[in-house]
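**Q** Sending over coords-v7.cif (mmCIF, C-alpha atoms; chains and numbers go by the auth columns).
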```
data_entry
loop_
_atom_site.group_PDB
_atom_site.id
_atom_site.type_symbol
_atom_site.label_atom_id
_atom_site.label_comp_id
_atom_site.label_asym_id
_atom_site.label_seq_id
_atom_site.Cartn_x
_atom_site.Cartn_y
_atom_site.Cartn_z
_atom_site.B_iso_or_equiv
_atom_site.auth_seq_id
_atom_site.auth_asym_id
ATOM 1 C CA MET A 1 -12.271 20.772 -27.643 0.00 1 A
ATOM 2 C CA ILE A 2 -9.549 18.398 -28.893 0.00 2 A
ATOM 3 C CA ALA A 3 -6.842 20.800 -27.704 0.00 3 A
ATOM 4 C CA LEU A 4 -8.498 20.973 -24.279 0.00 4 A
ATOM 5 C CA LYS A 5 -8.556 17.175 -23.982 0.00 5 A
ATOM 6 C CA ARG A 6 -4.882 16.984 -24.923 0.00 6 A
ATOM 7 C CA LEU A 7 -4.109 19.601 -22.285 0.00 7 A
ATOM 8 C CA GLN A 8 -5.951 17.582 -19.660 0.00 8 A
ATOM 9 C CA ILE A 9 -3.939 14.476 -20.584 0.00 9 A
ATOM 10 C CA LEU A 10 -0.711 16.428 -20.072 0.00 10 A
ATOM 11 C CA LEU A 11 -1.746 17.885 -16.688 0.00 11 A
ATOM 12 C CA PRO A 12 -0.351 14.983 -14.576 0.00 12 A
ATOM 13 C CA PHE A 13 3.084 15.598 -16.113 0.00 13 A
ATOM 14 C CA VAL A 14 3.191 19.222 -14.936 0.00 14 A
ATOM 15 C CA GLY A 15 4.126 18.240 -11.392 0.00 15 A
ATOM 16 C CA ILE A 16 6.848 15.889 -12.687 0.00 16 A
ATOM 17 C CA ALA A 17 8.291 18.644 -14.886 0.00 17 A
ATOM 18 C CA VAL A 18 8.302 21.116 -11.972 0.00 18 A
ATOM 19 C CA LEU A 19 9.998 18.573 -9.685 0.00 19 A
ATOM 20 C CA LEU A 20 12.729 17.835 -12.247 0.00 20 A
ATOM 21 C CA ALA A 21 13.239 21.541 -12.941 0.00 21 A
ATOM 22 C CA VAL A 22 13.610 22.408 -9.229 0.00 22 A
ATOM 23 C CA TRP A 23 15.875 19.388 -8.718 0.00 23 A
ATOM 24 C CA SER A 24 18.111 20.315 -11.667 0.00 24 A
ATOM 25 C CA LEU A 25 18.247 23.964 -10.587 0.00 25 A
ATOM 26 C CA THR A 26 19.201 22.949 -7.042 0.00 26 A
ATOM 27 C CA VAL A 27 22.061 20.797 -8.348 0.00 27 A
ATOM 28 C CA TRP A 28 23.199 23.431 -10.865 0.00 28 A
ATOM 29 C CA ALA A 29 23.216 26.232 -8.259 0.00 29 A
ATOM 30 C CA ARG A 30 24.945 23.923 -5.729 0.00 30 A
ATOM 31 C CA ILE A 31 22.336 24.751 -3.087 0.00 31 A
ATOM 32 C CA VAL A 32 22.943 21.205 -1.887 0.00 32 A
ATOM 33 C CA ASP A 33 26.305 19.470 -2.146 0.00 33 A
ATOM 34 C CA PRO A 34 26.295 17.529 -5.481 0.00 34 A
ATOM 35 C CA VAL A 35 27.798 14.566 -3.642 0.00 35 A
ATOM 36 C CA LEU A 36 24.659 14.366 -1.494 0.00 36 A
ATOM 37 C CA LEU A 37 22.184 15.230 -4.249 0.00 37 A
ATOM 38 C CA PRO A 38 23.176 13.925 -7.701 0.00 38 A
ATOM 39 C CA SER A 39 21.546 15.255 -10.836 0.00 39 A
ATOM 40 C CA PRO A 40 18.331 13.724 -12.201 0.00 40 A
ATOM 41 C CA VAL A 41 20.293 12.369 -15.175 0.00 41 A
ATOM 42 C CA SER A 42 22.778 10.533 -12.921 0.00 42 A
ATOM 43 C CA THR A 43 19.996 9.185 -10.729 0.00 43 A
ATOM 44 C CA PHE A 44 17.812 7.861 -13.526 0.00 44 A
ATOM 45 C CA ARG A 45 20.856 6.467 -15.356 0.00 45 A
ATOM 46 C CA ALA A 46 21.715 4.506 -12.197 0.00 46 A
ATOM 47 C CA MET A 47 18.100 3.385 -11.922 0.00 47 A
ATOM 48 C CA TRP A 48 17.984 2.214 -15.553 0.00 48 A
ATOM 49 C CA ILE A 49 21.266 0.307 -15.289 0.00 49 A
ATOM 50 C CA GLY A 50 20.271 -1.212 -11.941 0.00 50 A
ATOM 51 C CA MET A 51 16.842 -2.320 -13.179 0.00 51 A
ATOM 52 C CA THR A 52 18.034 -3.767 -16.511 0.00 52 A
ATOM 53 C CA SER A 53 21.385 -5.327 -15.740 0.00 53 A
ATOM 54 C CA GLY A 54 22.182 -4.694 -12.090 0.00 54 A
ATOM 55 C CA LYS A 55 21.063 -5.897 -8.661 0.00 55 A
ATOM 56 C CA LEU A 56 18.293 -3.319 -8.337 0.00 56 A
ATOM 57 C CA GLY A 57 15.976 -5.307 -10.625 0.00 57 A
ATOM 58 C CA VAL A 58 16.333 -8.413 -8.444 0.00 58 A
ATOM 59 C CA ASP A 59 15.797 -6.360 -5.284 0.00 59 A
ATOM 60 C CA PHE A 60 12.701 -4.788 -6.839 0.00 60 A
ATOM 61 C CA LEU A 61 11.175 -8.201 -7.592 0.00 61 A
ATOM 62 C CA LYS A 62 11.922 -9.494 -4.077 0.00 62 A
ATOM 63 C CA THR A 63 10.159 -6.508 -2.525 0.00 63 A
ATOM 64 C CA VAL A 64 7.195 -7.000 -4.881 0.00 64 A
ATOM 65 C CA GLU A 65 7.024 -10.668 -3.855 0.00 65 A
ATOM 66 C CA ARG A 66 7.090 -9.923 -0.124 0.00 66 A
ATOM 67 C CA THR A 67 4.536 -7.129 -0.445 0.00 67 A
ATOM 68 C CA ILE A 68 2.113 -9.268 -2.462 0.00 68 A
ATOM 69 C CA TYR A 69 2.434 -12.201 -0.052 0.00 69 A
ATOM 70 C CA SER A 70 1.851 -10.015 3.005 0.00 70 A
ATOM 71 C CA THR A 71 -1.124 -8.216 1.438 0.00 71 A
ATOM 72 C CA ALA A 72 -2.702 -11.500 0.317 0.00 72 A
ATOM 73 C CA ILE A 73 -2.322 -13.021 3.799 0.00 73 A
ATOM 74 C CA ALA A 74 -3.752 -9.864 5.372 0.00 74 A
ATOM 75 C CA ALA A 75 -6.744 -9.827 3.000 0.00 75 A
ATOM 76 C CA ILE A 76 -7.519 -13.543 3.490 0.00 76 A
ATOM 77 C CA ILE A 77 -7.591 -13.080 7.265 0.00 77 A
ATOM 78 C CA ALA A 78 -9.024 -9.565 7.606 0.00 78 A
ATOM 79 C CA ILE A 79 -11.879 -9.535 5.073 0.00 79 A
ATOM 80 C CA PRO A 80 -13.881 -12.466 6.556 0.00 80 A
ATOM 81 C CA PHE A 81 -13.286 -11.236 10.122 0.00 81 A
ATOM 82 C CA GLY A 82 -14.225 -7.703 9.099 0.00 82 A
ATOM 83 C CA ILE A 83 -17.507 -8.914 7.619 0.00 83 A
ATOM 84 C CA LEU A 84 -18.321 -10.954 10.745 0.00 84 A
ATOM 85 C CA LEU A 85 -17.475 -8.110 13.125 0.00 85 A
ATOM 86 C CA GLY A 86 -19.238 -5.506 11.015 0.00 86 A
ATOM 87 C CA SER A 87 -22.424 -7.541 10.832 0.00 87 A
ATOM 88 C CA SER A 88 -22.806 -7.135 14.603 0.00 88 A
ATOM 89 C CA GLU A 89 -22.009 -3.642 15.855 0.00 89 A
ATOM 90 C CA LYS A 90 -22.073 -4.797 19.500 0.00 90 A
ATOM 91 C CA VAL A 91 -19.413 -7.419 18.802 0.00 91 A
ATOM 92 C CA TYR A 92 -17.267 -4.869 16.965 0.00 92 A
ATOM 93 C CA ARG A 93 -17.567 -2.314 19.761 0.00 93 A
ATOM 94 C CA SER A 94 -16.406 -4.959 22.248 0.00 94 A
ATOM 95 C CA VAL A 95 -13.096 -5.445 20.381 0.00 95 A
ATOM 96 C CA GLU A 96 -12.766 -1.941 18.924 0.00 96 A
ATOM 97 C CA PHE A 97 -10.197 -0.839 21.508 0.00 97 A
ATOM 98 C CA VAL A 98 -7.907 -3.796 20.755 0.00 98 A
ATOM 99 C CA ILE A 99 -8.112 -3.201 16.991 0.00 99 A
ATOM 100 C CA ASP A 100 -7.520 0.548 17.270 0.00 100 A
ATOM 101 C CA PHE A 101 -4.709 0.065 19.788 0.00 101 A
ATOM 102 C CA PHE A 102 -2.680 -2.266 17.571 0.00 102 A
ATOM 103 C CA ARG A 103 -3.616 -0.306 14.443 0.00 103 A
ATOM 104 C CA SER A 104 -2.139 2.801 16.089 0.00 104 A
ATOM 105 C CA THR A 105 1.005 0.995 17.239 0.00 105 A
ATOM 106 C CA PRO A 106 3.965 1.566 14.862 0.00 106 A
ATOM 107 C CA ALA A 107 4.712 -1.693 13.082 0.00 107 A
ATOM 108 C CA SER A 108 8.436 -1.149 13.605 0.00 108 A
ATOM 109 C CA ALA A 109 7.829 -1.518 17.351 0.00 109 A
ATOM 110 C CA MET A 110 6.589 -5.061 16.658 0.00 110 A
ATOM 111 C CA PHE A 111 9.829 -6.183 14.963 0.00 111 A
ATOM 112 C CA PRO A 112 11.399 -7.653 18.156 0.00 112 A
ATOM 113 C CA LEU A 113 8.268 -9.714 18.863 0.00 113 A
ATOM 114 C CA PHE A 114 8.117 -11.136 15.334 0.00 114 A
ATOM 115 C CA LEU A 115 11.878 -11.794 15.385 0.00 115 A
ATOM 116 C CA VAL A 116 11.392 -13.885 18.530 0.00 116 A
ATOM 117 C CA LEU A 117 8.487 -15.767 16.935 0.00 117 A
ATOM 118 C CA PHE A 118 9.849 -16.326 13.427 0.00 118 A
ATOM 119 C CA GLY A 119 13.580 -15.565 13.548 0.00 119 A
ATOM 120 C CA VAL A 120 15.555 -13.662 10.940 0.00 120 A
ATOM 121 C CA GLY A 121 14.199 -14.325 7.474 0.00 121 A
ATOM 122 C CA ASP A 122 11.391 -13.685 5.031 0.00 122 A
ATOM 123 C CA ARG A 123 8.742 -15.034 7.393 0.00 123 A
ATOM 124 C CA THR A 124 9.352 -12.170 9.813 0.00 124 A
ATOM 125 C CA LYS A 125 9.231 -9.497 7.111 0.00 125 A
ATOM 126 C CA ILE A 126 6.069 -10.914 5.552 0.00 126 A
ATOM 127 C CA SER A 127 4.277 -11.627 8.832 0.00 127 A
ATOM 128 C CA VAL A 128 4.876 -8.204 10.389 0.00 128 A
ATOM 129 C CA ALA A 129 3.762 -6.509 7.145 0.00 129 A
ATOM 130 C CA ALA A 130 0.689 -8.757 6.989 0.00 130 A
ATOM 131 C CA PHE A 131 -0.109 -7.887 10.617 0.00 131 A
ATOM 132 C CA GLY A 132 -0.034 -4.153 9.941 0.00 132 A
ATOM 133 C CA ALA A 133 -1.998 -4.402 6.689 0.00 133 A
ATOM 134 C CA ALA A 134 -4.602 -6.760 8.176 0.00 134 A
ATOM 135 C CA LEU A 135 -5.610 -4.277 10.882 0.00 135 A
ATOM 136 C CA VAL A 136 -6.131 -1.515 8.299 0.00 136 A
ATOM 137 C CA ILE A 137 -8.179 -3.803 6.036 0.00 137 A
ATOM 138 C CA LEU A 138 -10.193 -5.192 8.969 0.00 138 A
ATOM 139 C CA PHE A 139 -11.090 -1.687 10.170 0.00 139 A
ATOM 140 C CA ASN A 140 -12.297 -0.582 6.726 0.00 140 A
ATOM 141 C CA VAL A 141 -14.250 -3.770 5.970 0.00 141 A
ATOM 142 C CA ALA A 142 -16.031 -3.704 9.332 0.00 142 A
ATOM 143 C CA TYR A 143 -17.069 -0.078 8.922 0.00 143 A
ATOM 144 C CA GLY A 144 -18.119 -0.753 5.330 0.00 144 A
ATOM 145 C CA VAL A 145 -20.462 -3.516 6.513 0.00 145 A
ATOM 146 C CA MET A 146 -21.800 -1.453 9.444 0.00 146 A
ATOM 147 C CA ASN A 147 -22.509 1.506 7.171 0.00 147 A
ATOM 148 C CA ALA A 148 -24.339 -0.519 4.541 0.00 148 A
ATOM 149 C CA ARG A 149 -27.413 1.379 3.394 0.00 149 A
ATOM 150 C CA LYS A 150 -30.256 0.582 5.737 0.00 150 A
ATOM 151 C CA THR A 151 -32.883 0.974 2.997 0.00 151 A
ATOM 152 C CA ARG A 152 -31.387 -1.862 0.933 0.00 152 A
ATOM 153 C CA ILE A 153 -31.110 -4.103 3.994 0.00 153 A
ATOM 154 C CA LEU A 154 -34.723 -3.329 4.927 0.00 154 A
ATOM 155 C CA ALA A 155 -35.865 -4.027 1.355 0.00 155 A
ATOM 156 C CA ALA A 156 -34.103 -7.410 1.406 0.00 156 A
ATOM 157 C CA ARG A 157 -35.776 -8.290 4.722 0.00 157 A
ATOM 158 C CA VAL A 158 -39.198 -7.282 3.401 0.00 158 A
ATOM 159 C CA MET A 159 -38.650 -9.602 0.424 0.00 159 A
ATOM 160 C CA GLY A 160 -37.982 -12.466 2.834 0.00 160 A
ATOM 161 C CA ALA A 161 -34.218 -12.794 2.457 0.00 161 A
ATOM 162 C CA SER A 162 -32.481 -14.776 5.186 0.00 162 A
ATOM 163 C CA ARG A 163 -29.839 -13.215 7.439 0.00 163 A
ATOM 164 C CA LEU A 164 -27.087 -15.115 5.604 0.00 164 A
ATOM 165 C CA ARG A 165 -28.448 -13.987 2.222 0.00 165 A
ATOM 166 C CA ILE A 166 -28.567 -10.366 3.407 0.00 166 A
ATOM 167 C CA LEU A 167 -25.001 -10.637 4.687 0.00 167 A
ATOM 168 C CA TRP A 168 -23.725 -12.090 1.396 0.00 168 A
ATOM 169 C CA ASP A 169 -25.826 -10.281 -1.225 0.00 169 A
ATOM 170 C CA VAL A 170 -26.339 -6.886 0.440 0.00 170 A
ATOM 171 C CA MET A 171 -23.802 -6.157 3.169 0.00 171 A
ATOM 172 C CA LEU A 172 -20.846 -7.723 1.374 0.00 172 A
ATOM 173 C CA LEU A 173 -21.502 -5.852 -1.869 0.00 173 A
ATOM 174 C CA GLU A 174 -22.248 -2.617 -0.006 0.00 174 A
ATOM 175 C CA SER A 175 -18.938 -2.922 1.851 0.00 175 A
ATOM 176 C CA LEU A 176 -16.813 -3.490 -1.276 0.00 176 A
ATOM 177 C CA PRO A 177 -16.003 0.212 -1.901 0.00 177 A
ATOM 178 C CA GLN A 178 -14.729 0.569 1.671 0.00 178 A
ATOM 179 C CA THR A 179 -12.988 -2.811 1.390 0.00 179 A
ATOM 180 C CA PHE A 180 -10.982 -1.566 -1.590 0.00 180 A
ATOM 181 C CA VAL A 181 -10.061 1.560 0.358 0.00 181 A
ATOM 182 C CA GLY A 182 -8.720 -0.769 3.032 0.00 182 A
ATOM 183 C CA LEU A 183 -6.857 -2.873 0.453 0.00 183 A
ATOM 184 C CA ARG A 184 -5.203 0.195 -1.100 0.00 184 A
ATOM 185 C CA ASN A 185 -4.170 1.499 2.304 0.00 185 A
ATOM 186 C CA GLY A 186 -3.141 -2.005 3.350 0.00 186 A
ATOM 187 C CA VAL A 187 -0.865 -2.653 0.367 0.00 187 A
ATOM 188 C CA SER A 188 0.764 0.767 0.815 0.00 188 A
ATOM 189 C CA LEU A 189 1.393 0.067 4.506 0.00 189 A
ATOM 190 C CA ALA A 190 2.659 -3.442 3.721 0.00 190 A
ATOM 191 C CA LEU A 191 5.183 -1.995 1.262 0.00 191 A
ATOM 192 C CA VAL A 192 6.408 0.528 3.848 0.00 192 A
ATOM 193 C CA ILE A 193 6.846 -2.169 6.502 0.00 193 A
ATOM 194 C CA VAL A 194 8.562 -4.557 4.071 0.00 194 A
ATOM 195 C CA VAL A 195 11.045 -1.896 2.948 0.00 195 A
ATOM 196 C CA VAL A 196 11.828 -0.894 6.557 0.00 196 A
ATOM 197 C CA ALA A 197 12.185 -4.567 7.532 0.00 197 A
ATOM 198 C CA GLU A 198 14.571 -5.133 4.612 0.00 198 A
ATOM 199 C CA MET A 199 16.705 -2.276 5.916 0.00 199 A
ATOM 200 C CA PHE A 200 17.005 -3.436 9.518 0.00 200 A
ATOM 201 C CA ILE A 201 16.245 -7.176 9.749 0.00 201 A
ATOM 202 C CA GLY A 202 19.357 -8.873 8.348 0.00 202 A
ATOM 203 C CA SER A 203 18.261 -8.824 4.722 0.00 203 A
ATOM 204 C CA THR A 204 20.491 -9.601 1.736 0.00 204 A
ATOM 205 C CA ASP A 205 18.061 -8.386 -0.910 0.00 205 A
ATOM 206 C CA GLY A 206 15.079 -6.089 -1.421 0.00 206 A
ATOM 207 C CA LEU A 207 14.737 -2.374 -2.053 0.00 207 A
ATOM 208 C CA GLY A 208 15.171 -1.516 1.619 0.00 208 A
ATOM 209 C CA GLN A 209 18.486 -3.348 1.727 0.00 209 A
ATOM 210 C CA SER A 210 19.483 -1.672 -1.551 0.00 210 A
ATOM 211 C CA VAL A 211 18.806 1.797 -0.082 0.00 211 A
ATOM 212 C CA PHE A 212 20.665 0.968 3.120 0.00 212 A
ATOM 213 C CA GLU A 213 23.678 -0.550 1.350 0.00 213 A
ATOM 214 C CA ALA A 214 24.006 2.376 -1.074 0.00 214 A
ATOM 215 C CA GLN A 215 23.793 4.823 1.827 0.00 215 A
ATOM 216 C CA GLN A 216 26.504 2.961 3.731 0.00 216 A
ATOM 217 C CA LEU A 217 28.777 3.027 0.667 0.00 217 A
ATOM 218 C CA PHE A 218 27.901 6.693 0.051 0.00 218 A
ATOM 219 C CA ASN A 219 26.706 5.779 -3.445 0.00 219 A
ATOM 220 C CA MET A 220 24.077 8.497 -3.731 0.00 220 A
ATOM 221 C CA PRO A 221 22.860 7.846 -7.321 0.00 221 A
ATOM 222 C CA ASP A 222 22.140 4.189 -6.451 0.00 222 A
ATOM 223 C CA MET A 223 20.479 5.208 -3.191 0.00 223 A
ATOM 224 C CA TYR A 224 18.131 7.652 -4.901 0.00 224 A
ATOM 225 C CA ALA A 225 17.510 5.111 -7.670 0.00 225 A
ATOM 226 C CA ALA A 226 16.349 2.549 -5.097 0.00 226 A
ATOM 227 C CA ILE A 227 14.165 5.160 -3.377 0.00 227 A
ATOM 228 C CA PHE A 228 12.508 6.085 -6.680 0.00 228 A
ATOM 229 C CA ALA A 229 12.026 2.392 -7.505 0.00 229 A
ATOM 230 C CA ALA A 230 10.225 1.923 -4.165 0.00 230 A
ATOM 231 C CA GLY A 231 8.077 4.992 -4.859 0.00 231 A
ATOM 232 C CA ALA A 232 7.212 3.734 -8.346 0.00 232 A
ATOM 233 C CA LEU A 233 6.264 0.357 -6.880 0.00 233 A
ATOM 234 C CA GLY A 234 3.970 1.938 -4.293 0.00 234 A
ATOM 235 C CA TYR A 235 2.318 4.123 -6.912 0.00 235 A
ATOM 236 C CA GLY A 236 1.887 1.177 -9.263 0.00 236 A
ATOM 237 C CA LEU A 237 0.288 -1.057 -6.621 0.00 237 A
ATOM 238 C CA ASN A 238 -2.119 1.694 -5.588 0.00 238 A
ATOM 239 C CA LEU A 239 -3.030 2.314 -9.238 0.00 239 A
ATOM 240 C CA LEU A 240 -3.583 -1.426 -9.782 0.00 240 A
ATOM 241 C CA PHE A 241 -6.066 -1.688 -6.912 0.00 241 A
ATOM 242 C CA LEU A 242 -7.763 1.537 -7.998 0.00 242 A
ATOM 243 C CA THR A 243 -8.201 0.154 -11.534 0.00 243 A
ATOM 244 C CA ILE A 244 -9.641 -3.116 -10.200 0.00 244 A
ATOM 245 C CA GLU A 245 -11.998 -1.165 -7.946 0.00 245 A
ATOM 246 C CA ARG A 246 -13.300 0.965 -10.826 0.00 246 A
ATOM 247 C CA ARG A 247 -13.760 -2.158 -12.946 0.00 247 A
ATOM 248 C CA PHE A 248 -15.605 -4.340 -10.430 0.00 248 A
ATOM 249 C CA VAL A 249 -17.172 -1.815 -8.014 0.00 249 A
ATOM 250 C CA HIS A 250 -18.735 0.417 -10.639 0.00 250 A
ATOM 251 C CA TRP A 251 -21.819 1.048 -8.475 0.00 251 A
ATOM 252 C CA SER A 252 -19.830 2.850 -5.766 0.00 252 A
ATOM 253 C CA GLY A 253 -21.587 6.040 -4.656 0.00 253 A
ATOM 254 C CA LYS A 254 -24.794 5.206 -6.551 0.00 254 A
#
```
Is it possible to express this structure as structure tokens?
**A**
Amino acid sequence: MIALKRLQILLPFVGIAVLLAVWSLTVWARIVDPVLLPSPVSTFRAMWIGMTSGKLGVDFLKTVERTIYSTAIAAIIAIPFGILLGSSEKVYRSVEFVIDFFRSTPASAMFPLFLVLFGVGDRTKISVAAFGAALVILFNVAYGVMNARKTRILAARVMGASRLRILWDVMLLESLPQTFVGLRNGVSLALVIVVVAEMFIGSTDGLGQSVFEAQQLFNMPDMYAAIFAAGALGYGLNLLFLTIERRFVHWSGK
């Protein structure tokens, strides 16, 4: 039994080991030009040096800052509106096309508009990321409220609860699992938009700018290091929200 538990703990590392093995074999066999694909050792050495004593650590923190700001702005705007729209299905259906249209529009297509509104700077990067994340969060919150279990709502009405009390104590709590799904998707989308914006909207820092600069200088180890740093950040943010969800939404699915 103990051996089985230890094996289960090691399972997530199997995929990592396979990836590193295939990567190393590809470099060793020169299937891809070593100049274009450096070895794992060179890449992670560049990542370690960049994170501890180089510019990559500063760029990492700037991207974290922009992503957190954009996600927070999106959540503050989208969650209340999602609850209000979800509490009235007729109201939601009347604006559903607008929400779905902009949610389906690539955020990169909105860059020129936000550049006109906010100019070149952090406000543009944060606002366009917040816009994209807010639509995802709004969609999930609204559907979470609309799909609240009818039996619990009916029970609250039978016990004489007011409409506001039902909205706060029943619908809001029922929608939390779906809200966290929206938050996890929203923070992932915000990170993607921020990194792309850092690459193409006159940025002097951030992981996107780090990837772009390394690619321009043909510094492949630094480029891959920045890419892996962005991937680690995305994974970490998703894991953070998942941990919070499991801690505070323990009744999900019950």
**Q** What's the 7 Å shell around A:Thr179, counting only C-alpha atoms, without same-chain residues fewer than 6 positions away, as a PyMOL selection string?
**A** chain A and resi 137+140-141+144
**Q** Care to translate the PyMOL selection byres ((chain A and resi 133) around 12) into actual residues of this file, as a PDB file with C-alpha atoms, keeping the file's coordinate frame?
**A**
```
ATOM      1  CA  THR A  67       4.536  -7.129  -0.445  1.00  0.00           C
ATOM      2  CA  ILE A  68       2.113  -9.268  -2.462  1.00  0.00           C
ATOM      3  CA  TYR A  69       2.434 -12.201  -0.052  1.00  0.00           C
ATOM      4  CA  SER A  70       1.851 -10.015   3.005  1.00  0.00           C
ATOM      5  CA  THR A  71      -1.124  -8.216   1.438  1.00  0.00           C
ATOM      6  CA  ALA A  72      -2.702 -11.500   0.317  1.00  0.00           C
ATOM      7  CA  ILE A  73      -2.322 -13.021   3.799  1.00  0.00           C
ATOM      8  CA  ALA A  74      -3.752  -9.864   5.372  1.00  0.00           C
ATOM      9  CA  ALA A  75      -6.744  -9.827   3.000  1.00  0.00           C
ATOM     10  CA  ILE A  76      -7.519 -13.543   3.490  1.00  0.00           C
ATOM     11  CA  ILE A  77      -7.591 -13.080   7.265  1.00  0.00           C
ATOM     12  CA  ALA A  78      -9.024  -9.565   7.606  1.00  0.00           C
ATOM     13  CA  ILE A  79     -11.879  -9.535   5.073  1.00  0.00           C
ATOM     14  CA  PHE A 102      -2.680  -2.266  17.571  1.00  0.00           C
ATOM     15  CA  ARG A 103      -3.616  -0.306  14.443  1.00  0.00           C
ATOM     16  CA  SER A 104      -2.139   2.801  16.089  1.00  0.00           C
ATOM     17  CA  PRO A 106       3.965   1.566  14.862  1.00  0.00           C
ATOM     18  CA  ALA A 107       4.712  -1.693  13.082  1.00  0.00           C
ATOM     19  CA  ILE A 126       6.069 -10.914   5.552  1.00  0.00           C
ATOM     20  CA  SER A 127       4.277 -11.627   8.832  1.00  0.00           C
ATOM     21  CA  VAL A 128       4.876  -8.204  10.389  1.00  0.00           C
ATOM     22  CA  ALA A 129       3.762  -6.509   7.145  1.00  0.00           C
ATOM     23  CA  ALA A 130       0.689  -8.757   6.989  1.00  0.00           C
ATOM     24  CA  PHE A 131      -0.109  -7.887  10.617  1.00  0.00           C
ATOM     25  CA  GLY A 132      -0.034  -4.153   9.941  1.00  0.00           C
ATOM     26  CA  ALA A 134      -4.602  -6.760   8.176  1.00  0.00           C
ATOM     27  CA  LEU A 135      -5.610  -4.277  10.882  1.00  0.00           C
ATOM     28  CA  VAL A 136      -6.131  -1.515   8.299  1.00  0.00           C
ATOM     29  CA  ILE A 137      -8.179  -3.803   6.036  1.00  0.00           C
ATOM     30  CA  LEU A 138     -10.193  -5.192   8.969  1.00  0.00           C
ATOM     31  CA  PHE A 139     -11.090  -1.687  10.170  1.00  0.00           C
ATOM     32  CA  ASN A 140     -12.297  -0.582   6.726  1.00  0.00           C
ATOM     33  CA  VAL A 181     -10.061   1.560   0.358  1.00  0.00           C
ATOM     34  CA  GLY A 182      -8.720  -0.769   3.032  1.00  0.00           C
ATOM     35  CA  LEU A 183      -6.857  -2.873   0.453  1.00  0.00           C
ATOM     36  CA  ARG A 184      -5.203   0.195  -1.100  1.00  0.00           C
ATOM     37  CA  ASN A 185      -4.170   1.499   2.304  1.00  0.00           C
ATOM     38  CA  GLY A 186      -3.141  -2.005   3.350  1.00  0.00           C
ATOM     39  CA  VAL A 187      -0.865  -2.653   0.367  1.00  0.00           C
ATOM     40  CA  SER A 188       0.764   0.767   0.815  1.00  0.00           C
ATOM     41  CA  LEU A 189       1.393   0.067   4.506  1.00  0.00           C
ATOM     42  CA  ALA A 190       2.659  -3.442   3.721  1.00  0.00           C
ATOM     43  CA  LEU A 191       5.183  -1.995   1.262  1.00  0.00           C
ATOM     44  CA  VAL A 192       6.408   0.528   3.848  1.00  0.00           C
ATOM     45  CA  ILE A 193       6.846  -2.169   6.502  1.00  0.00           C
ATOM     46  CA  VAL A 194       8.562  -4.557   4.071  1.00  0.00           C
TER      47      VAL A 194
END
```
**Q** For each of A:Leu233, A:Leu172, A:Leu11, A:Val196, take the minimum atom-to-atom distance to A:Gly82, counting all atoms listed in the file, then give the residue where this is smallest.
**A**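 Among A:Leu233, A:Leu172, A:Leu11, A:Val196, it is A:Leu172 that comes nearest to A:Gly82.
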**Q** Separation of atom CA of A:Thr26 and atom CA of A:Asp59, in Å?
**A**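 Computing the Euclidean distance for atom CA of A:Thr26 and atom CA of A:Asp59 yields 29.6 Å.
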**Q** Enter the distance from atom CA of A:Phe218 to atom CA of A:Ser108, in Å, rounded to one decimal.
**A** 25.0 Å
**Q** Under the PyMOL selection byres ((chain A and resi 209) around 10), which residues of this model are included? Write them out as a compact mmCIF listing (two decimals) with C-alpha atoms, in the coordinates of the input.
**A**
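Just written: selection-v6.txt:
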```
# COMPACT_ATOMS: atom_id res chain seq x y z
CA ASP A 59 15.80 -6.36 -5.28
CA THR A 63 10.16 -6.51 -2.52
CA VAL A 195 11.04 -1.90 2.95
CA VAL A 196 11.83 -0.89 6.56
CA ALA A 197 12.18 -4.57 7.53
CA GLU A 198 14.57 -5.13 4.61
CA MET A 199 16.70 -2.28 5.92
CA PHE A 200 17.00 -3.44 9.52
CA ILE A 201 16.24 -7.18 9.75
CA GLY A 202 19.36 -8.87 8.35
CA SER A 203 18.26 -8.82 4.72
CA THR A 204 20.49 -9.60 1.74
CA ASP A 205 18.06 -8.39 -0.91
CA GLY A 206 15.08 -6.09 -1.42
CA LEU A 207 14.74 -2.37 -2.05
CA GLY A 208 15.17 -1.52 1.62
CA SER A 210 19.48 -1.67 -1.55
CA VAL A 211 18.81 1.80 -0.08
CA PHE A 212 20.66 0.97 3.12
CA GLU A 213 23.68 -0.55 1.35
CA ALA A 214 24.01 2.38 -1.07
CA GLN A 215 23.79 4.82 1.83
CA ALA A 226 16.35 2.55 -5.10
```
**Q** Which distance in Å separates atom CA of A:Ala46 and atom CA of A:Met220, to one decimal?
**A**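 About the pair atom CA of A:Ala46 and atom CA of A:Met220: they are 9.7 Å apart.
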**Q** Tell me which of A:Met51, A:Val249, A:Leu36, A:Val41 sits closest to A:Ser24, counting only C-alpha atoms.
**A**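 That would be A:Val41, the residue with the smallest distance to A:Ser24.
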**Q** With only C-alpha atoms as the atoms that count, which of A:Pro12, A:Pro177, A:Leu84, A:Pro112 lies nearest to A:Ile244?
**A**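 Smallest distance to A:Ile244 is found for A:Pro177.
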**Q** From the options A:Glu65, A:Leu56, A:Pro40, A:Ala229, which residue's atoms come nearest to A:Val22, counting only C-alpha atoms?
**A**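 Between A:Glu65, A:Leu56, A:Pro40, A:Ala229, the residue approaching A:Val22 most closely is A:Pro40.
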**Q** Ranking A:Val58, A:Val64, A:Leu25, A:Val120 by minimum distance to A:Leu237 and counting all atoms listed in the file, which one comes first?
**A**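 Answer, going by the shortest atom-to-atom distance: A:Val64.
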**Q** Which one of A:Tyr92, A:Phe44, A:Phe118, A:Phe60 sits closest to A:Leu20 if you count all atoms listed in the file?
**A**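 Selected residue with least distance to A:Leu20: A:Phe44.
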